[in-house]
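Remarks on the structure that follows.
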Amino acid sequence: MNISGSIRRLTNVFLILFVALSAGLVYWQVVVAQQVVSNSHLTYTRQCTSDNAPVRGTIYDRNGVRLAYSIPSTLPGLCGYQRIYTSAAQGLEGLIGYYISPNLTSTGIEKQYNDYLNGQNGLTGLDNSVNKILHVPPHGDDIYLTIDWRIEQILVKNFPTEARIDNYYTYKTDRGSIIVSDPSSGATLGILSEPRYDANCVVHCTLSQLRTNMLAKGYDKVIGCNAPCSANQFNAALDAQKAALIAKLGPDCDQFSDCSVGSDCGTAQNCNLLYLRYLNSDPEQPLIFRPTQDCYPPGSTYKTLTLMAALDSGALGLTDQVFYNDPKDHPYPEHLQAEGPITIGSGNDTQMFPASISNILGYTHTFPVSMAYGFSHSDNIIFAEVGIKVGVTNWLQYNQKLYVGQNIPFDIPVKVSTVTRLPQSNLCSYTAPTQTPTLDMRDLASDSFGQGVDFVTPLQMALINNAVAADGKLMRPMAVLKIVDPETKSTLKEFSPQLLNQVISTSTAQQVRDAMYGVTACGSGSLSAVQLSYPYTPWAVIGKTGTAQVPQGNSPTVIPGDSWFITAAPYTYQSNSIPPITITAMKENGGEGAYANGPMLRDIYAAIFKDVMPSVQMPAAPANDFCVANNFLQP
């Protein structure tokens, strides 16, 4: 028997099989890989088998309170596990986002940290590769946020609080944003976008839950369900909507999933997709996370940046009195005016700013007045002049230090704010402009008091607020604290505070805080309807108000301004102390910024310092003659 020949033949067989196997691997993994990956049915089937469906990681707040987790589920379309959002996560729908299954779009932290939550990254990813071989479901990592759920619930509870609605100074609105930050670390302690939605119903919704959520949103009127919109009426309205769509689209209806969704969504287990459809078409846009995904003119809150630039560059001092009333109405710079009118520019390139835009017009005061006085009473004319004095180059440089016109490094994408003219397609996009920003004098004057072409996100205003509070240091805004292995509880990745820029000097920041103290103690933030000064609150809140004019377009009715208030607390005048928290608040079309936000902020600060941060010391009340003695008011 020829043993060596047999071995040789057996070796050849193994070589042939090896070559065939390699060729097969090359074919499936290279030649037709794209077709395999793009086949949603195969991808979904592969990801959702019992040994591949990931046990998605849990999301916690900074104190370990559970916000989002997964439970086993046999419901079709959920890939073996249903995501649950707890009551502690109420108000965090936009930040955390939602996750349904691998074959549907997710949002927020659920999307940005998907690879960690699904266990595809780092050591967890290696462990899960072994799990797959052993036919054990992969486990995702846990994520801890910087959010304090107690603060978040305080924001949810108090957002509706406002001054009396008179449809002149204040208007009813249910849209807006609140951001609570630790300015020293950049940690986001609470962040709210209104209006909100039910993230659990987006993931899975029974017909009964769908009705409850749609009635809460007013969608019963959209589908033509008359009050009281009983369960039977609701079902009939859904079926009528479905029938109308089928009649409209005819044979093409099969191309649209909407055509298959009526009251039978409860049986088909896809009521969540119907809810999502109405959320997407809602004109109030509840799916937009306003703190990062929407832009607005900032109004007079932007005077804070102009004040920072003026003081830090040495263009003007806080007590400089170069703004006086000139009865001859000469153009700038020959004669400065505190009330206006003023003319900016020269020759054909000029613009007149009328006295009607001055916020101190008609006050009983003598001239000259200081820049601090103009800031506390939010005078537009003075700050148009301040901006011109600072100059285009300097003013834009301070904007750049604060990431205006750039992508803000945050844990979810942020729209880019701008203070320069851009094409409509580039406004409030996720892409930073590539061209070098420029301004003419007229735009600079308007931009300097927060109108013009200023267009910013609430998070952008929070950065300005934080830099002032933290002695000029701009810390990277944080929403994620750490990523943890769920088995060993070891920290896989920790996000430490990171300094982005020293925007202004420590002494400049202290002067700006003192000027903001004047706003709430003596100026536009001190009125009885605002209730952020003594004796309405004992927490010595400092801030800057803002009411941004909204373009009217062709609308025959008045569109109320967007309402802003950037604040920090507590702070003692000229103490150089750093406030432990800042709150940036805005309400869309709420009218006067101080009125729309002041009572709400009063209650938020009171609740935070009582229930969450009880060790914070209450400052002493200001002296009775504080405002006159410090030139924030005239006798």
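By order of appearance in the structure tokens: chains A, B, ..., then residues from 1 within every chain, and ligands from 1 in the order shown.
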
### Task
as a PyMOL selection string, please: all residues of region 428-619 of chain A that backbone DSSP puts in strand (DSSP E or B).
chain A and resi 455-456+473-475+478+480-484+491-494+499-502+542-548+562-569+581-587+591

### Message
Excluding region 112-115 of chain A and its own-chain neighbours fewer than 5 positions away, which residues fall within 7 Å of it when counting only C-alpha atoms? Please give them as a VMD selection string.
### Response
chain A and resid 120 to 121 412

### Task
Could you please write out, as a count of residues only, every residue of region 316-545 of chain A that DSSP assigns to alpha helix (DSSP H)?
64
